$ cat structure.txt   # compact mmCIF, C-alpha atoms
# COMPACT_ATOMS: atom_id res chain seq x y z
CA MET A 890 22.06 -11.87 15.62
CA LYS A 891 21.60 -9.65 12.62
CA CYS A 892 23.57 -9.74 9.40
CA VAL A 893 23.25 -7.43 6.41
CA LYS A 894 24.92 -7.71 3.01
CA ARG A 895 24.49 -6.05 -0.33
CA VAL A 896 24.82 -8.39 -3.30
CA LYS A 897 24.89 -7.83 -7.03
CA ILE A 898 22.72 -9.77 -9.46
CA LYS A 899 25.01 -11.32 -12.01
CA ASN A 900 22.90 -13.62 -14.14
CA ASP A 901 21.63 -12.23 -17.44
CA LEU A 902 17.91 -12.69 -16.95
CA GLY A 903 17.81 -11.21 -13.46
CA ILE A 904 15.80 -12.86 -10.70
CA HIS A 905 13.24 -14.84 -12.66
CA THR A 906 11.32 -17.94 -11.59
CA ARG A 907 14.25 -20.35 -11.49
CA PRO A 908 16.61 -18.28 -9.31
CA ALA A 909 13.66 -17.40 -7.06
CA THR A 910 12.94 -21.10 -6.58
CA ALA A 911 16.63 -21.72 -5.88
CA ILE A 912 16.65 -19.00 -3.21
CA VAL A 913 13.54 -20.32 -1.48
CA LYS A 914 14.93 -23.88 -1.62
CA LEU A 915 18.23 -22.75 -0.17
CA LEU A 916 16.46 -20.97 2.69
CA GLN A 917 14.62 -24.12 3.69
CA ASN A 918 17.82 -25.36 5.35
CA PHE A 919 18.07 -22.29 7.58
CA ARG A 920 15.96 -20.90 10.35
CA ALA A 921 16.82 -17.20 10.29
CA LYS A 922 14.36 -14.54 9.22
CA VAL A 923 15.54 -13.27 5.83
CA ALA A 924 14.40 -10.15 4.01
CA PHE A 925 15.39 -8.75 0.61
CA THR A 926 15.37 -5.05 -0.10
CA TYR A 927 15.34 -3.90 -3.69
CA LYS A 928 14.59 -0.32 -4.74
CA LYS A 929 12.84 0.61 -1.48
CA ASP A 930 10.70 -2.55 -1.46
CA THR A 931 11.35 -5.02 1.32
CA ILE A 932 9.96 -8.54 1.13
CA ASN A 933 10.21 -11.83 2.96
CA ALA A 934 12.78 -13.94 1.11
CA ARG A 935 10.92 -17.16 1.87
CA SER A 936 8.04 -16.03 -0.29
CA ILE A 937 8.37 -16.90 -3.99
CA MET A 938 5.74 -14.34 -4.95
CA GLY A 939 7.60 -11.70 -2.99
CA ILE A 940 10.89 -12.34 -4.79
CA LEU A 941 9.19 -12.50 -8.19
CA MET A 942 7.36 -9.26 -7.54
CA LEU A 943 10.67 -7.42 -7.24
CA ALA A 944 11.44 -8.22 -10.90
CA ALA A 945 15.09 -7.56 -10.08
CA GLN A 946 17.35 -6.96 -13.09
CA LYS A 947 20.91 -7.85 -13.89
CA ASN A 948 23.61 -5.63 -12.37
CA CYS A 949 21.25 -4.26 -9.74
CA PHE A 950 21.81 -4.70 -6.03
CA ILE A 951 19.76 -6.52 -3.44
CA THR A 952 20.26 -5.97 0.27
CA ILE A 953 19.94 -9.17 2.26
CA THR A 954 18.97 -8.78 5.91
CA ALA A 955 19.04 -11.90 8.06
CA GLU A 956 18.06 -12.20 11.69
CA GLY A 957 18.53 -15.30 13.81
CA GLU A 958 21.10 -17.75 15.09
CA ASP A 959 22.31 -18.82 11.65
CA ALA A 960 22.10 -15.33 10.11
CA LYS A 961 25.76 -15.26 9.15
CA GLU A 962 25.68 -18.65 7.41
CA VAL A 963 22.49 -17.82 5.56
CA VAL A 964 23.91 -14.58 4.21
CA GLN A 965 27.10 -16.37 3.13
CA ALA A 966 25.16 -19.10 1.37
CA LEU A 967 22.95 -16.58 -0.42
CA ALA A 968 25.90 -14.42 -1.44
CA SER A 969 27.69 -17.39 -2.98
CA ALA A 970 24.50 -18.44 -4.82
CA PHE A 971 24.20 -14.94 -6.27
CA GLU A 972 27.88 -15.06 -7.16
CA LYS A 973 27.50 -18.40 -8.96
CA LYS A 974 24.56 -17.01 -10.95
CA PHE A 975 22.37 -19.72 -9.42
CA GLY A 976 24.11 -22.34 -11.52
CA GLU A 977 23.05 -20.71 -14.77
CA THR A 978 25.42 -20.92 -17.71
CA PRO A 979 26.07 -17.48 -19.14
CA MET B 600 9.90 10.23 -6.46
CA TYR B 601 6.87 11.23 -8.46
CA LEU B 602 7.67 12.62 -11.88
CA VAL B 603 5.39 14.91 -13.82
CA GLU B 604 5.71 12.38 -16.63
CA ASP B 605 4.16 9.61 -14.48
CA PHE B 606 1.42 11.94 -13.38
CA TYR B 607 0.72 12.83 -17.01
CA LYS B 608 0.59 9.17 -18.02
CA ASN B 609 -1.71 8.19 -15.17
CA TYR B 610 -4.21 11.02 -15.43
CA GLU B 611 -4.08 12.03 -19.08
CA GLN B 612 -7.46 10.44 -19.74
CA GLU B 613 -9.16 11.26 -16.47
CA LEU B 614 -8.29 14.94 -16.36
CA GLY B 615 -8.14 15.35 -20.14
CA LEU B 616 -4.58 16.66 -20.05
CA ARG B 617 -2.79 17.86 -23.16
CA ILE B 618 0.74 19.19 -23.03
CA ILE B 619 1.32 22.36 -25.04
CA ALA B 620 4.73 23.56 -23.86
CA GLY B 621 7.75 22.55 -21.80
CA GLN B 622 7.86 18.92 -22.94
CA LEU B 623 11.51 18.84 -21.91
CA GLY B 624 10.53 19.43 -18.30
CA LEU B 625 8.44 16.28 -17.99
CA ASN B 626 11.17 14.79 -15.81
CA ARG B 627 10.49 17.36 -13.10
CA VAL B 628 9.66 15.95 -9.70
CA ILE B 629 6.46 16.69 -7.84
CA ARG B 630 7.64 17.11 -4.26
CA LYS B 631 4.51 18.34 -2.54
CA PRO B 632 1.11 16.67 -2.49
CA GLU B 633 -0.52 20.04 -3.02
CA ALA B 634 -1.86 22.13 -5.84
CA GLN B 635 -2.53 25.83 -5.79
CA ARG B 636 -4.22 28.65 -7.66
CA PRO B 637 -1.75 31.55 -7.97
CA GLY B 638 -4.51 34.09 -7.17
CA LEU B 639 -3.11 36.90 -5.04
CA SER B 640 0.52 36.24 -6.00
CA LEU B 641 -0.28 37.52 -9.51
CA SER B 642 -0.89 40.93 -7.97
CA GLY B 643 2.76 41.01 -6.89
CA TYR B 644 2.37 39.84 -3.30
CA ILE B 645 4.61 36.80 -2.97
CA PRO B 646 6.05 36.62 0.58
CA HIS B 647 4.17 33.42 1.49
CA PHE B 648 4.12 31.94 -1.97
CA VAL B 649 5.10 28.24 -2.08
CA LYS B 650 7.11 27.58 -5.21
CA ASN B 651 7.04 23.80 -5.49
CA ARG B 652 3.32 23.18 -5.80
CA VAL B 653 1.55 22.22 -9.00
CA MET B 654 -0.10 25.37 -10.30
CA VAL B 655 -3.67 25.52 -11.54
CA ILE B 656 -4.85 28.51 -13.55
CA GLY B 657 -8.52 29.21 -14.00
CA ARG B 658 -10.81 31.89 -15.31
CA THR B 659 -10.07 34.50 -12.64
CA GLU B 660 -6.30 34.30 -13.06
CA MET B 661 -6.51 34.28 -16.82
CA GLY B 662 -8.86 37.26 -16.85
CA TYR B 663 -6.62 39.20 -14.49
CA LEU B 664 -3.56 38.42 -16.60
CA ARG B 665 -5.28 39.54 -19.80
CA ASP B 666 -6.17 42.88 -18.24
CA MET B 667 -2.51 43.62 -17.50
CA GLU B 668 0.03 45.47 -19.55
CA LYS B 669 2.21 43.15 -21.58
CA ASP B 670 5.45 43.85 -19.70
CA LEU B 671 3.85 43.68 -16.28
CA ARG B 672 2.22 40.39 -17.21
CA LYS B 673 5.57 38.94 -18.12
CA MET B 674 7.16 40.15 -14.92
CA ARG B 675 4.40 38.85 -12.66
CA LEU B 676 4.47 35.46 -14.33
CA LYS B 677 8.23 35.26 -13.99
CA ASN B 678 7.78 36.06 -10.31
CA ILE B 679 5.80 32.92 -9.62
CA LEU B 680 7.24 30.47 -12.12
CA SER B 681 10.59 29.01 -11.23
CA ASN B 682 12.76 25.93 -11.59
CA GLN B 683 10.87 24.43 -8.69
CA THR B 684 7.43 24.69 -10.29
CA PRO B 685 6.60 21.09 -11.24
CA ALA B 686 3.85 21.89 -13.75
CA VAL B 687 1.18 24.38 -14.72
CA ILE B 688 -2.33 23.23 -15.61
CA ILE B 689 -4.92 25.45 -17.24
CA GLY B 690 -8.59 24.82 -16.52
CA LYS B 691 -11.30 23.98 -19.01
CA GLY B 692 -12.02 26.34 -21.85
CA HIS B 693 -9.11 28.75 -21.42
CA ARG B 694 -6.21 29.51 -23.67
CA PRO B 695 -2.91 30.51 -22.14
CA VAL B 696 -1.66 34.05 -22.62
CA ARG B 697 1.27 34.16 -25.00
CA GLU B 698 3.77 35.12 -22.28
CA LEU B 699 2.84 32.09 -20.18
CA THR B 700 3.51 29.69 -23.05
CA ALA B 701 6.77 31.48 -23.83
CA ILE B 702 8.03 31.37 -20.22
CA CYS B 703 7.06 27.70 -19.83
CA LYS B 704 8.85 26.85 -23.05
CA ASP B 705 11.86 28.85 -22.00
CA MET B 706 12.14 27.46 -18.51
CA GLU B 707 11.03 23.97 -19.54
CA ILE B 708 8.03 23.89 -17.22
CA PRO B 709 5.38 21.47 -18.52
CA LEU B 710 2.24 23.43 -19.41
CA PHE B 711 -1.01 21.46 -19.74
CA LEU B 712 -4.48 22.22 -21.00
CA SER B 713 -7.25 20.29 -19.29
CA HIS B 714 -10.89 19.62 -20.03
CA THR B 715 -11.66 19.81 -16.31
CA SER B 716 -12.59 23.12 -14.70
CA ALA B 717 -10.02 24.72 -12.40
CA THR B 718 -12.11 24.19 -9.24
CA GLU B 719 -12.59 20.54 -10.04
CA LEU B 720 -8.91 20.22 -10.93
CA MET B 721 -7.95 21.51 -7.50
CA ALA B 722 -10.17 18.96 -5.78
CA LYS B 723 -8.97 16.09 -7.93
CA LEU B 724 -5.31 17.03 -7.72
CA THR B 725 -5.42 17.29 -3.94
CA PHE B 726 -6.99 13.85 -3.85
CA VAL B 727 -4.66 12.07 -6.27
CA LEU B 728 -1.49 13.69 -4.97
CA GLU B 729 -2.42 12.99 -1.37
CA GLU B 730 -2.88 9.35 -2.30
CA LYS B 731 0.41 9.18 -4.13
CA PHE B 732 2.32 10.75 -1.24
CA SER B 733 0.63 8.83 1.55
CA PRO B 734 2.91 6.54 3.57
CA SER B 735 2.92 2.92 2.49
CA VAL B 736 4.42 -0.35 3.59
CA MET B 737 4.94 -3.75 2.04
CA MET B 738 3.49 -6.53 4.13
CA HIS B 739 3.94 -10.27 4.07
CA GLY B 740 0.50 -11.83 4.05
CA THR B 741 -2.56 -12.55 1.99
CA LEU B 742 -5.37 -10.05 1.66
CA VAL B 743 -8.88 -11.39 1.09
CA GLU B 744 -12.31 -9.84 1.24
CA VAL B 745 -14.59 -11.94 3.43
CA PHE B 746 -18.24 -10.84 3.66
CA GLY B 747 -17.13 -7.34 2.71
CA ILE B 748 -14.42 -7.20 5.39
CA GLY B 749 -10.79 -6.83 4.31
CA VAL B 750 -8.88 -9.57 6.14
CA LEU B 751 -5.08 -9.70 6.07
CA ILE B 752 -3.96 -13.25 6.79
CA GLN B 753 -0.47 -13.30 8.23
CA GLY B 754 1.79 -15.98 9.62
CA GLU B 755 5.04 -17.73 8.98
CA SER B 756 5.89 -19.33 5.67
CA SER B 757 4.10 -22.61 4.96
CA ILE B 758 1.59 -22.18 7.78
CA GLY B 759 -1.19 -22.31 5.19
CA LYS B 760 -2.06 -18.70 4.34
CA SER B 761 -2.47 -19.34 0.64
CA GLU B 762 -4.42 -22.55 1.24
CA ALA B 763 -6.76 -20.71 3.59
CA ALA B 764 -7.22 -17.96 1.00
CA LEU B 765 -7.90 -20.52 -1.74
CA GLY B 766 -10.51 -22.16 0.44
CA LEU B 767 -12.14 -18.78 1.05
CA ILE B 768 -12.18 -18.01 -2.67
CA GLU B 769 -13.83 -21.34 -3.33
CA ARG B 770 -16.55 -20.31 -0.86
CA GLY B 771 -17.23 -17.16 -2.86
CA HIS B 772 -14.95 -14.63 -1.18
CA ARG B 773 -12.43 -12.51 -3.05
CA LEU B 774 -8.69 -12.38 -3.35
CA ILE B 775 -6.87 -9.06 -3.48
CA SER B 776 -3.27 -10.23 -3.24
CA ASP B 777 -1.38 -13.29 -2.13
CA ASP B 778 1.87 -13.28 -0.17
CA VAL B 779 2.81 -9.65 -0.83
CA VAL B 780 0.45 -6.81 -0.01
CA LYS B 781 1.17 -3.13 -0.43
CA VAL B 782 -0.64 -1.15 2.22
CA TYR B 783 -1.04 2.60 2.18
CA LYS B 784 -2.80 5.11 4.36
CA LYS B 785 -5.74 6.84 2.76
CA GLU B 786 -6.99 10.25 3.91
CA SER B 787 -4.81 9.59 7.00
CA ALA B 788 -7.74 7.68 8.41
CA TYR B 789 -7.80 4.14 7.08
CA LEU B 790 -5.63 1.59 5.31
CA VAL B 791 -5.98 0.22 1.81
CA GLY B 792 -4.19 -2.85 0.51
CA TYR B 793 -3.48 -3.88 -3.04
CA GLY B 794 -1.29 -6.33 -4.91
CA PRO B 795 1.79 -5.36 -6.93
CA ASP B 796 1.03 -5.26 -10.66
CA LEU B 797 3.32 -8.11 -11.58
CA THR B 798 1.95 -10.73 -9.21
CA ARG B 799 -1.62 -9.50 -9.11
CA HIS B 800 -4.14 -12.31 -8.53
CA LEU B 801 -1.43 -14.94 -8.75
CA MET B 802 -1.01 -17.49 -6.01
CA GLU B 803 1.69 -19.93 -5.13
CA ILE B 804 0.43 -23.21 -3.71
CA ARG B 805 2.95 -25.79 -2.47
CA GLY B 806 2.82 -28.82 -4.70
CA ILE B 807 0.87 -27.11 -7.49
CA GLY B 808 2.89 -24.04 -8.32
CA ILE B 809 1.76 -20.65 -9.49
CA ILE B 810 -1.91 -20.33 -10.41
CA ASN B 811 -3.92 -17.40 -11.71
CA VAL B 812 -7.00 -17.07 -9.56
CA ALA B 813 -8.74 -14.58 -11.85
CA HIS B 814 -8.51 -17.05 -14.74
CA LEU B 815 -9.30 -20.16 -12.73
CA TYR B 816 -12.26 -18.91 -10.74
CA GLY B 817 -13.38 -15.93 -12.77
CA ALA B 818 -13.41 -12.18 -12.38
CA VAL B 819 -15.97 -12.36 -9.57
CA CYS B 820 -13.37 -13.88 -7.24
CA VAL B 821 -10.86 -11.05 -7.33
CA ARG B 822 -10.75 -7.34 -6.75
CA PRO B 823 -7.96 -4.80 -7.25
CA ASP B 824 -7.85 -3.22 -3.79
CA LYS B 825 -9.66 -3.26 -0.50
CA ALA B 826 -9.68 -1.39 2.80
CA LEU B 827 -7.86 -3.37 5.47
CA ASP B 828 -10.19 -4.01 8.39
CA ILE B 829 -8.68 -6.82 10.44
CA VAL B 830 -5.49 -8.82 10.71
CA VAL B 831 -5.60 -12.56 11.39
CA LYS B 832 -2.34 -14.21 12.33
CA LEU B 833 -2.12 -17.96 11.80
CA GLU B 834 0.10 -19.71 14.31
CA LYS B 835 1.19 -23.24 14.97
CA TRP B 836 -0.83 -24.66 17.84
CA ASP B 837 1.16 -24.43 21.04
CA ASP B 838 -0.17 -26.44 23.97
CA CYS B 839 1.60 -24.20 26.47
CA HIS B 840 0.10 -21.00 25.11
CA PHE B 841 -3.19 -19.76 26.48
CA TYR B 842 -5.42 -18.69 23.61
CA ASP B 843 -8.29 -16.26 23.91
CA ARG B 844 -11.30 -18.21 25.12
CA VAL B 845 -13.82 -15.48 25.80
CA GLY B 846 -13.04 -12.57 23.48
CA LEU B 847 -13.67 -9.81 26.02
CA GLU B 848 -10.29 -8.23 25.46
CA GLU B 849 -9.67 -6.93 21.97
CA LYS B 850 -6.16 -6.86 20.61
CA PHE B 851 -4.88 -4.34 18.12
CA CYS B 852 -1.79 -4.05 15.99
CA ASP B 853 -0.25 -0.91 14.61
CA ILE B 854 0.15 -0.42 10.87
CA LEU B 855 1.37 3.00 9.71
CA GLY B 856 0.07 4.54 12.92
CA ILE B 857 -3.42 3.14 12.59
CA SER B 858 -4.58 0.47 14.99
CA ILE B 859 -6.23 -2.51 13.41
CA PRO B 860 -8.07 -5.32 15.24
CA PHE B 861 -5.74 -8.28 15.52
CA ASN B 862 -6.62 -11.93 16.03
CA VAL B 863 -4.28 -14.83 16.65
CA LEU B 864 -5.66 -18.04 15.21
CA PRO B 865 -3.92 -21.26 16.22
CA VAL B 866 -3.84 -23.87 13.48
CA LYS B 867 -4.08 -27.59 14.12
CA PRO B 868 -5.44 -30.54 12.15
CA GLY B 869 -9.19 -30.66 12.38
CA ARG B 870 -9.63 -26.89 12.74
CA ASP B 871 -11.35 -25.49 9.69
CA VAL B 872 -9.33 -22.31 9.17
CA MET B 873 -11.62 -21.00 6.43
CA LEU B 874 -14.69 -21.29 8.65
CA LEU B 875 -12.84 -19.64 11.53
CA ILE B 876 -11.74 -16.70 9.38
CA GLU B 877 -15.29 -16.31 8.11
CA THR B 878 -16.50 -16.26 11.71
CA ILE B 879 -13.93 -13.65 12.74
CA ALA B 880 -15.02 -11.46 9.82
CA LEU B 881 -18.70 -11.84 10.65
CA ASN B 882 -18.06 -11.14 14.31
CA HIS B 883 -16.18 -8.00 13.32
CA ARG B 884 -19.20 -6.88 11.31
CA LEU B 885 -21.48 -7.55 14.21
CA LYS B 886 -19.27 -5.48 16.51
CA HIS B 887 -19.44 -2.65 14.01
CA MET B 888 -23.21 -2.85 14.06
CA GLY B 889 -23.05 -2.36 17.83
CA TYR B 890 -23.34 -5.92 19.07
CA HIS B 891 -20.40 -7.40 20.92
CA SER B 892 -21.21 -11.03 21.69
CA ALA B 893 -18.75 -11.45 24.57
CA LYS B 894 -19.57 -8.14 26.25
CA GLU B 895 -23.29 -8.65 25.83
CA PHE B 896 -23.06 -12.07 27.42
CA ASN B 897 -20.94 -10.74 30.26
CA ALA B 898 -23.49 -8.03 31.03
CA LYS B 899 -26.25 -10.61 31.05
CA LEU B 900 -24.26 -12.84 33.34
CA LEU B 901 -23.58 -10.03 35.80
CA GLN B 902 -27.26 -9.23 35.87
CA ALA B 903 -28.19 -12.83 36.52
CA ILE B 904 -25.70 -13.11 39.36
CA SER B 905 -26.81 -9.87 40.98
CA LYS B 906 -30.43 -11.03 41.09
CA ARG B 907 -29.48 -14.07 43.12
CA GLN B 908 -27.46 -12.23 45.72
CA PRO B 909 -28.53 -10.18 48.73
CA ARG B 910 -28.40 -6.42 48.30
CA ALA B 911 -25.24 -5.80 50.30
CA SER B 912 -23.08 -8.03 48.17
CA ILE B 913 -24.35 -6.54 44.92
CA HIS B 914 -22.78 -3.33 45.98
CA GLU B 915 -19.48 -5.05 46.63
CA MET B 916 -19.57 -6.80 43.28
CA ARG B 917 -20.24 -3.59 41.41
CA GLN B 918 -17.29 -2.01 43.08
CA GLU B 919 -15.13 -4.90 42.08
CA SER B 920 -16.20 -4.79 38.47
$ encode --input "structure.txt" --output "structure tokens"
Amino acid sequence: MKCVKRVKIKNDLGIHTRPATAIVKLLQNFRAKVAFTYKKDTINARSIMGILMLAAQKNCFITITAEGEDAKEVVQALASAFEKKFGETP
Amino acid sequence: MYLVEDFYKNYEQELGLRIIAGQLGLNRVIRKPEAQRPGLSLSGYIPHFVKNRVMVIGRTEMGYLRDMEKDLRKMRLKNILSNQTPAVIIGKGHRPVRELTAICKDMEIPLFLSHTSATELMAKLTFVLEEKFSPSVMMHGTLVEVFGIGVLIQGESSIGKSEAALGLIERGHRLISDDVVKVYKKESAYLVGYGPDLTRHLMEIRGIGIINVAHLYGAVCVRPDKALDIVVKLEKWDDCHFYDRVGLEEKFCDILGISIPFNVLPVKPGRDVMLLIETIALNHRLKHMGYHSAKEFNAKLLQAISKRQPRASIHEMRQES
């Protein structure tokens, strides 16, 4: 199963080390293959270095592509993490 | 999108570029990986003239323009310069004719002086633009140089790519990029991999965190880019899977339309991955030098068998093989 969703980055500092760690940690509970696409670059979302390399800024969009049995759940979980600004206080 | 501004920034030093008009047009986009000398089109023949190439003007063109009447010169220049012209570069030792500067200023076409001769400019521009426009892909894996061979280590997360690379670095091999490798096709013949600027020479090791290899092990252990020669895929050992035992058949994988030798390397406790990767790299070198261990052995074996058999059956065997 394949699931694609475009999410907006809402936290002020963009995707820095802490959110990247949160994403990778979140993905540990899932088995699907997850990729992030940001400005033409596509990376494996399980790779911290990959996420950091994107240097994604606030208010930009990331396309999440998940493939696997739990693709839908993984995309939902990620979308809500993005929405909650990864627990960062504004 | 490749802007003239980026081009100017990247090659200002190398080509000795200096902008003299049309600064406002620096946000023009270079759409074709080609440069051209206007040559014949200055004489008024423009049916096959391609408008969106970077234009290089040298001695011949400048001399021809100077010999023209003022009005004609203006008209001919207007013929070939348009909104699509990304930039005009003048070769070493020439000054632009007044009309050229005026038109460039008017139409906001960046006009550069260069300290490189026009012929050399053409060669260099073709080279750098071709490189910039070549197809590229982002790959998940770690690129290391082992005995001069560019090895891309792939495999699922947490299989031990970074650990293998760290072990190789410790043995004196070099890291190009960990985890994320940008690969592009060069001269449409071979692949080159490099690390993104931001995470260059950084590594993430589970339990340690992010380390800077260049600082930890010194400049000798890293390099900026490297041709990609082989791909090694690390896999969890699967007892049901039959792994290559002889090495007679070579596998290839396709990256950007180029086939690259591909090895699957099962990982299990007690297997020294670093040593195995070193061996794969050395074996690849040996093959390149014309010696294929498995094939050579097979030929020897066939010869040995044929000596022991009566003549009739040799014939049969040859037919079979």
$ axis_aligned_box --input "structure.txt" --around "region 947-963 of chain A" --padding-each-side "5 Å" --output "JSON"
{"center_x": 21.9, "center_y": -11.5, "center_z": 0.6, "size_x": 17.7, "size_y": 24.6, "size_z": 39.0}
$ residues_around --input "structure.txt" --residues "region 911-920 of chain A" --least-positions-apart "4" --cutoff "7 Å" --atoms "only C-alpha atoms" --output "MDAnalysis selection string"
chainID A and resid 907 934:935 937 959 963
$ closest_residue --input "structure.txt" --among "A:Gln965, A:Thr954, A:Thr931, A:Gln946" --to "Val779 (chain B)" --atoms "all atoms listed in the file"
A:Thr931
$ closest_atom_pairs --input "structure.txt" --of "chain A" --to "chain B" --cutoff "7 Å" --atoms "only C-alpha atoms" --output "Markdown table"
| residue | atom | partner | partner_atom | distance |
| --- | --- | --- | --- | --- |
| A:Asp930 | CA | B:Met737 | CA | 6.8 |
| A:Thr931 | CA | B:Met737 | CA | 6.6 |
| A:Ile932 | CA | B:His739 | CA | 6.9 |
| A:Asn933 | CA | B:His739 | CA | 6.6 |
| A:Arg935 | CA | B:Ser756 | CA | 6.7 |
| A:Ser936 | CA | B:Asp778 | CA | 6.8 |
| A:Met938 | CA | B:Asp778 | CA | 6.2 |
| A:Gly939 | CA | B:Val779 | CA | 5.6 |
| A:Met942 | CA | B:Leu797 | CA | 5.8 |
$ atom_distance --input "structure.txt" --atom1 "CA of Asp901 (chain A)" --atom2 "CA of Ile804 (chain B)"
27.5 Å
$ closest_residue --input "structure.txt" --among "A:Glu958, A:Lys947, A:Val893, A:Lys922" --to "Lys974 (chain A)" --atoms "all atoms listed in the file"
A:Lys947
$ residues_around --input "structure.txt" --residues "Tyr816 (chain B)" --least-positions-apart "5" --cutoff "9 Å" --atoms "all atoms listed in the file" --output "PyMOL selection string"
chain B and resi 768-769+811+821
$ write_last_selection --input "structure.txt" --atoms "C-alpha atoms" --output "PDB file, in the frame of the given file"
ATOM      1  CA  ILE B 768     -12.180 -18.010  -2.670  1.00  0.00           C
ATOM      2  CA  GLU B 769     -13.830 -21.340  -3.330  1.00  0.00           C
ATOM      3  CA  ASN B 811      -3.920 -17.400 -11.710  1.00  0.00           C
ATOM      4  CA  VAL B 821     -10.860 -11.050  -7.330  1.00  0.00           C
TER       5      VAL B 821
END
$ closest_residue --input "structure.txt" --among "A:Ala909, A:Leu902, A:Ala960, A:Ile940" --to "Phe925 (chain A)" --atoms "only C-alpha atoms"
A:Ile940
$ residues_around --input "structure.txt" --residues "region 659-673 of chain B" --least-positions-apart "3" --cutoff "8 Å" --atoms "only C-alpha atoms" --output "ChimeraX atom specification"
/B:637-638,641,656,676-677,693,695-696,698-699
$ closest_residue --input "structure.txt" --among "B:Asp828, B:Glu719, B:Glu730, B:Thr725" --to "Val653 (chain B)" --atoms "all atoms listed in the file"
B:Thr725
$ decode --input "structure.txt" --residues "region 944-960 of chain A" --atoms "N, CA and C atoms" --output "short mmCIF file (atom, residue, chain, number, x, y, z; two decimals), in the first residue's frame"
data_model
loop_
_atom_site.label_atom_id
_atom_site.label_comp_id
_atom_site.auth_asym_id
_atom_site.auth_seq_id
_atom_site.Cartn_x
_atom_site.Cartn_y
_atom_site.Cartn_z
N ALA A 944 17.74 20.54 5.43
CA ALA A 944 17.72 21.87 6.04
C ALA A 944 16.38 22.57 5.74
N ALA A 945 15.29 21.86 6.05
CA ALA A 945 13.96 22.36 5.72
C ALA A 945 13.55 23.50 6.65
N GLN A 946 13.00 24.56 6.05
CA GLN A 946 12.65 25.77 6.81
C GLN A 946 11.18 25.79 7.20
N LYS A 947 10.90 26.71 8.09
CA LYS A 947 9.52 26.92 8.53
C LYS A 947 8.66 27.34 7.32
N ASN A 948 7.40 26.91 7.36
CA ASN A 948 6.40 27.26 6.35
C ASN A 948 6.65 26.63 4.98
N CYS A 949 7.65 25.76 4.89
CA CYS A 949 7.84 25.04 3.64
C CYS A 949 7.12 23.69 3.73
N PHE A 950 6.99 23.04 2.59
CA PHE A 950 6.25 21.78 2.58
C PHE A 950 7.16 20.59 2.34
N ILE A 951 6.81 19.50 3.00
CA ILE A 951 7.52 18.24 2.78
C ILE A 951 6.49 17.22 2.32
N THR A 952 6.85 16.46 1.29
CA THR A 952 5.95 15.41 0.83
C THR A 952 6.39 14.08 1.44
N ILE A 953 5.49 13.47 2.18
CA ILE A 953 5.80 12.19 2.80
C ILE A 953 5.26 11.09 1.90
N THR A 954 6.10 10.14 1.56
CA THR A 954 5.65 8.99 0.78
C THR A 954 5.94 7.73 1.59
N ALA A 955 4.89 6.98 1.90
CA ALA A 955 5.09 5.76 2.68
C ALA A 955 4.60 4.57 1.89
N GLU A 956 5.34 3.48 1.98
CA GLU A 956 4.97 2.26 1.27
C GLU A 956 5.09 1.09 2.23
N GLY A 957 4.00 0.32 2.34
CA GLY A 957 4.04 -0.84 3.24
C GLY A 957 2.68 -1.04 3.88
N GLU A 958 2.59 -2.07 4.71
CA GLU A 958 1.31 -2.40 5.32
C GLU A 958 0.75 -1.27 6.19
N ASP A 959 1.65 -0.65 6.98
CA ASP A 959 1.19 0.37 7.91
C ASP A 959 1.41 1.79 7.36
N ALA A 960 1.41 1.91 6.03
CA ALA A 960 1.70 3.20 5.39
C ALA A 960 0.76 4.31 5.88
#
